[in-house]
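This report refers to the structure that appears directly beneath it.
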Amino acid sequence: MSIGQLFDLTGKVALVTGGSRGLGRQIVLAFAQAGADVVITSRKADNCREVAAEVEALGRRALAHPCHIGHWDEIDGLVEAAYGHFGTVDILVNNAGMSPLAPSSDETSEELFDKVVAVNFKGPFRLGALVARRMADSGGGCIINVSSTGALMPQPMYGPYAGAKAALNTLTQVLALEYAPTVRVNTLSAGPFLTDIARNWPEEIRATTRSAVGRPGSPEEIVTSALYLASPASSYTNGALLRVDGGLY
């Protein structure tokens, strides 16, 4: 198999949560450029449709399906819509997440705690389990859980977020073992990236990071790692955690 074939996603169907902006949008467009058809989901239908139009402009098929990934009862409908439209899901990217800052750990409300855990862990658990089961029953597939270096280097006042992402890292290993050998599940642990969320960061943080590279990443710099984990190039990579954070320390 040639190098080009190793990263070829022609004929594959990918489902990307949080796919209408930021890292998710970059992953959607990269997968489409590599030949995949894509299901784009996020909370806002209009945003999903905009990215679906970009995918179609690249010559691929797209399905825009709004879903709040933190709402367990919406996830079954997302899965049914994806399989009903395309007949399969070969690649799942659990990318949707949220990281609100609380005033302090003792001032964190139950509502905020539940919301953060729901989006960053409960939703990926439910969606990952449903899709992994179908993948295993139909010959295989791969799942990428987009986590955060916040789980590896937690900071004050981010307890629910860091804890939920740490749980997501563990979920990767659980699903990789449970649905082996035909389903591969890996973690892409992202560092600071200059997505739309970063617009509110102080200028100093936007310019420098405490890392080997010394700066935040551009959204397109996540693409090659996502393509690797989604493609035959990573056929022997399972249950792994890949840091893409510029070498944070």
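If you're wondering about the labels, chains in the structure tokens are A, B, ... by order shown, residues count from 1 in each chain, ligands from 1 in order shown.
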Inset, instruction - Would you list the contacts of A:Ala36 as a PyMOL selection string, taking every protein, DNA or RNA residue within 9 Å and counting only C-alpha atoms, but skipping same-chain residues closer than 5 positions in sequence? - result: chain A and resi 8-14+28+30-31+60-61
Please dump the current selection as a PDB file, in the first residue's frame; keep C-alpha atoms.
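As a result, out03.pdb now contains:
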```pdb
ATOM      1  CA  ASP A   8      -7.063   7.676   1.849  1.00  0.00           C
ATOM      2  CA  LEU A   9     -10.598   7.822   3.302  1.00  0.00           C
ATOM      3  CA  THR A  10     -12.439   7.295   0.010  1.00  0.00           C
ATOM      4  CA  GLY A  11     -15.685   5.416   0.581  1.00  0.00           C
ATOM      5  CA  LYS A  12     -15.644   6.035   4.334  1.00  0.00           C
ATOM      6  CA  VAL A  13     -18.297   7.851   6.370  1.00  0.00           C
ATOM      7  CA  ALA A  14     -17.212  10.004   9.319  1.00  0.00           C
ATOM      8  CA  VAL A  28     -14.496  17.642   8.873  1.00  0.00           C
ATOM      9  CA  ALA A  30      -9.731  17.403   6.100  1.00  0.00           C
ATOM     10  CA  PHE A  31     -11.680  14.143   6.075  1.00  0.00           C
ATOM     11  CA  ARG A  60     -18.343  14.768  -1.020  1.00  0.00           C
ATOM     12  CA  ARG A  61     -21.703  13.965   0.540  1.00  0.00           C
TER      13      ARG A  61
END
```
Inset, instruction - Select from stretch 24-197 of chain A everything DSSP, run on the backbone, classes as strand (DSSP E), then give the selection as a PyMOL selection string. - result: chain A and resi 37-41+62-64+91-94+141-148+183-190
Written file, previous selection with C-alpha atoms, as a PDB file, in the first residue's frame:
```
ATOM      1  CA  ASP A  37     -18.486  11.633   3.389  1.00  0.00           C
ATOM      2  CA  VAL A  38     -19.288  13.384   6.652  1.00  0.00           C
ATOM      3  CA  VAL A  39     -22.042  13.754   9.226  1.00  0.00           C
ATOM      4  CA  ILE A  40     -21.680  17.159  10.895  1.00  0.00           C
ATOM      5  CA  THR A  41     -23.344  17.657  14.232  1.00  0.00           C
ATOM      6  CA  ALA A  62     -22.717  15.546   3.841  1.00  0.00           C
ATOM      7  CA  LEU A  63     -25.456  15.310   6.424  1.00  0.00           C
ATOM      8  CA  ALA A  64     -26.107  18.191   8.818  1.00  0.00           C
ATOM      9  CA  ILE A  91     -15.121   6.917  11.728  1.00  0.00           C
ATOM     10  CA  LEU A  92     -16.468   8.657  14.834  1.00  0.00           C
ATOM     11  CA  VAL A  93     -14.795  11.759  16.221  1.00  0.00           C
ATOM     12  CA  ASN A  94     -16.018  12.715  19.701  1.00  0.00           C
ATOM     13  CA  GLY A 141     -14.178   1.105  12.349  1.00  0.00           C
ATOM     14  CA  CYS A 142     -12.340   3.678  14.407  1.00  0.00           C
ATOM     15  CA  ILE A 143     -13.203   6.210  17.099  1.00  0.00           C
ATOM     16  CA  ILE A 144     -11.187   9.287  18.026  1.00  0.00           C
ATOM     17  CA  ASN A 145     -11.892  10.905  21.387  1.00  0.00           C
ATOM     18  CA  VAL A 146     -10.664  14.498  21.351  1.00  0.00           C
ATOM     19  CA  SER A 147      -9.418  15.188  24.860  1.00  0.00           C
ATOM     20  CA  SER A 148      -7.258  17.901  26.373  1.00  0.00           C
ATOM     21  CA  VAL A 183     -12.756  -1.340  16.346  1.00  0.00           C
ATOM     22  CA  ARG A 184      -9.849   0.958  17.134  1.00  0.00           C
ATOM     23  CA  VAL A 185     -10.334   3.699  19.733  1.00  0.00           C
ATOM     24  CA  ASN A 186      -7.715   6.365  20.412  1.00  0.00           C
ATOM     25  CA  THR A 187      -7.386   9.692  22.213  1.00  0.00           C
ATOM     26  CA  LEU A 188      -6.211  12.859  20.502  1.00  0.00           C
ATOM     27  CA  SER A 189      -5.106  15.053  23.405  1.00  0.00           C
ATOM     28  CA  ALA A 190      -5.203  18.632  22.154  1.00  0.00           C
TER      29      ALA A 190
END
```
Legend entry - Backbone-only DSSP, alpha helix (DSSP H) members of stretch 65-166 of chain A, as an MDAnalysis selection string: chainID A and resid 72:86 110:117 123:137 159:166
Restricted to N, CA and C atoms, what would the selected residues look like written as a compact mmCIF listing (two decimals), in the first residue's frame?
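Saved the output as out-v5.txt:
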```
# COMPACT_ATOMS: atom_id res chain seq x y z
N TRP A 72 -28.46 12.93 26.58
CA TRP A 72 -28.46 11.49 26.31
C TRP A 72 -29.57 11.11 25.33
N ASP A 73 -30.76 11.70 25.52
CA ASP A 73 -31.92 11.28 24.71
C ASP A 73 -31.84 11.78 23.27
N GLU A 74 -30.92 12.68 22.93
CA GLU A 74 -30.76 13.11 21.55
C GLU A 74 -29.77 12.26 20.77
N ILE A 75 -28.96 11.51 21.48
CA ILE A 75 -27.87 10.79 20.83
C ILE A 75 -28.37 9.61 20.01
N ASP A 76 -29.38 8.91 20.51
CA ASP A 76 -29.94 7.80 19.73
C ASP A 76 -30.46 8.29 18.38
N GLY A 77 -31.09 9.46 18.38
CA GLY A 77 -31.60 10.03 17.14
C GLY A 77 -30.49 10.40 16.17
N LEU A 78 -29.37 10.89 16.70
CA LEU A 78 -28.22 11.21 15.86
C LEU A 78 -27.69 9.95 15.19
N VAL A 79 -27.55 8.89 15.95
CA VAL A 79 -27.04 7.63 15.40
C VAL A 79 -27.98 7.09 14.33
N GLU A 80 -29.28 7.11 14.62
CA GLU A 80 -30.26 6.61 13.64
C GLU A 80 -30.23 7.45 12.36
N ALA A 81 -30.08 8.76 12.51
CA ALA A 81 -30.03 9.64 11.33
C ALA A 81 -28.80 9.35 10.48
N ALA A 82 -27.65 9.17 11.13
CA ALA A 82 -26.41 8.91 10.40
C ALA A 82 -26.48 7.59 9.64
N TYR A 83 -26.92 6.54 10.32
CA TYR A 83 -27.00 5.24 9.68
C TYR A 83 -28.15 5.19 8.67
N GLY A 84 -29.22 5.93 8.94
CA GLY A 84 -30.31 5.96 7.98
C GLY A 84 -29.93 6.65 6.70
N HIS A 85 -29.08 7.65 6.79
CA HIS A 85 -28.69 8.42 5.61
C HIS A 85 -27.57 7.74 4.81
N PHE A 86 -26.55 7.26 5.51
CA PHE A 86 -25.37 6.71 4.84
C PHE A 86 -25.26 5.19 4.93
N GLU A 110 -23.90 22.91 40.96
CA GLU A 110 -24.24 21.58 40.47
C GLU A 110 -24.63 21.63 39.00
N GLU A 111 -25.32 22.69 38.61
CA GLU A 111 -25.74 22.83 37.21
C GLU A 111 -24.53 22.90 36.28
N LEU A 112 -23.53 23.71 36.65
CA LEU A 112 -22.33 23.82 35.83
C LEU A 112 -21.57 22.50 35.79
N PHE A 113 -21.43 21.87 36.93
CA PHE A 113 -20.74 20.58 37.01
C PHE A 113 -21.39 19.57 36.08
N ASP A 114 -22.72 19.44 36.18
CA ASP A 114 -23.44 18.45 35.37
C ASP A 114 -23.32 18.76 33.88
N LYS A 115 -23.37 20.03 33.53
CA LYS A 115 -23.30 20.43 32.12
C LYS A 115 -21.94 20.08 31.53
N VAL A 116 -20.87 20.38 32.27
CA VAL A 116 -19.51 20.11 31.78
C VAL A 116 -19.27 18.62 31.64
N VAL A 117 -19.68 17.84 32.62
CA VAL A 117 -19.48 16.40 32.58
C VAL A 117 -20.33 15.77 31.47
N GLY A 123 -21.89 12.31 27.04
CA GLY A 123 -22.26 12.21 25.63
C GLY A 123 -21.31 11.34 24.83
N PRO A 124 -19.99 11.57 24.92
CA PRO A 124 -19.05 10.70 24.22
C PRO A 124 -19.17 9.23 24.64
N PHE A 125 -19.48 8.98 25.90
CA PHE A 125 -19.67 7.60 26.34
C PHE A 125 -20.84 6.97 25.62
N ARG A 126 -21.98 7.64 25.62
CA ARG A 126 -23.18 7.07 25.00
C ARG A 126 -23.00 6.91 23.49
N LEU A 127 -22.51 7.97 22.84
CA LEU A 127 -22.33 7.91 21.39
C LEU A 127 -21.27 6.89 21.01
N GLY A 128 -20.16 6.88 21.74
CA GLY A 128 -19.10 5.93 21.46
C GLY A 128 -19.56 4.50 21.61
N ALA A 129 -20.33 4.23 22.65
CA ALA A 129 -20.81 2.87 22.88
C ALA A 129 -21.77 2.41 21.79
N LEU A 130 -22.69 3.28 21.41
CA LEU A 130 -23.66 2.91 20.37
C LEU A 130 -22.98 2.66 19.03
N VAL A 131 -22.08 3.54 18.66
CA VAL A 131 -21.42 3.41 17.36
C VAL A 131 -20.41 2.27 17.37
N ALA A 132 -19.68 2.09 18.47
CA ALA A 132 -18.71 0.99 18.55
C ALA A 132 -19.40 -0.35 18.41
N ARG A 133 -20.57 -0.49 19.02
CA ARG A 133 -21.31 -1.76 18.90
C ARG A 133 -21.67 -2.04 17.44
N ARG A 134 -22.15 -1.02 16.75
CA ARG A 134 -22.52 -1.18 15.34
C ARG A 134 -21.28 -1.45 14.49
N MET A 135 -20.20 -0.75 14.80
CA MET A 135 -18.96 -0.97 14.06
C MET A 135 -18.50 -2.43 14.20
N ALA A 136 -18.50 -2.91 15.43
CA ALA A 136 -18.05 -4.28 15.68
C ALA A 136 -18.92 -5.30 14.96
N ASP A 137 -20.22 -5.03 14.92
CA ASP A 137 -21.15 -5.95 14.28
C ASP A 137 -21.03 -5.95 12.76
N GLY A 159 -11.80 21.84 37.73
CA GLY A 159 -12.01 20.48 38.22
C GLY A 159 -12.96 19.63 37.39
N PRO A 160 -14.19 20.12 37.13
CA PRO A 160 -15.13 19.31 36.35
C PRO A 160 -14.62 19.01 34.94
N TYR A 161 -14.00 20.00 34.30
CA TYR A 161 -13.49 19.81 32.94
C TYR A 161 -12.32 18.84 32.92
N ALA A 162 -11.33 19.07 33.79
CA ALA A 162 -10.16 18.19 33.83
C ALA A 162 -10.58 16.77 34.19
N GLY A 163 -11.50 16.65 35.15
CA GLY A 163 -11.96 15.32 35.54
C GLY A 163 -12.71 14.61 34.43
N ALA A 164 -13.55 15.36 33.71
CA ALA A 164 -14.33 14.75 32.62
C ALA A 164 -13.41 14.31 31.48
N LYS A 165 -12.42 15.12 31.16
CA LYS A 165 -11.48 14.75 30.10
C LYS A 165 -10.60 13.57 30.52
N ALA A 166 -10.23 13.50 31.80
CA ALA A 166 -9.49 12.35 32.29
C ALA A 166 -10.35 11.09 32.18
```
Inset, instruction - Considering only C-alpha atoms, state which residue in the set A:Val119, A:Ala180, A:Leu175, A:Leu6 is at the smallest distance from A:Pro100. - result: A:Val119
Inset, instruction - Write out as a PyMOL selection string each polymer residue whose atoms come within 9 Å of stretch 196-200 of chain A, counting only C-alpha atoms; drop sequence neighbours fewer than 6 positions from it. - result: chain A and resi 21-22+206
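In this model, the gap between atom CA of A:Thr108 and atom CA of A:Pro154 comes to 16.1 Å.
Put simply, atom CA of A:Ala226 is 21.6 Å away from atom CA of A:Asn47.
The interatomic distance for the pair atom CA of A:Thr88 and atom CA of A:Glu50 works out to 22.8 Å.
Comparing A:Ile205, A:Leu227, A:Leu171, A:Val213 by their smallest distance to A:Ala240, the closest is A:Leu171 (using only C-alpha atoms).
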Legend entry - Minimum-distance residue to A:Arg210, chosen among A:Leu229, A:Met1, A:Gly246, A:Ser104 (using only C-alpha atoms): A:Gly246
Inset, instruction - Mind checking which residues fall within 7 Å of A:Gly18, counting only C-alpha atoms, ignoring those fewer than 4 positions away in the same chain, and posting them as number ranges by chain? - result: A: 24, 41-42, 95-96
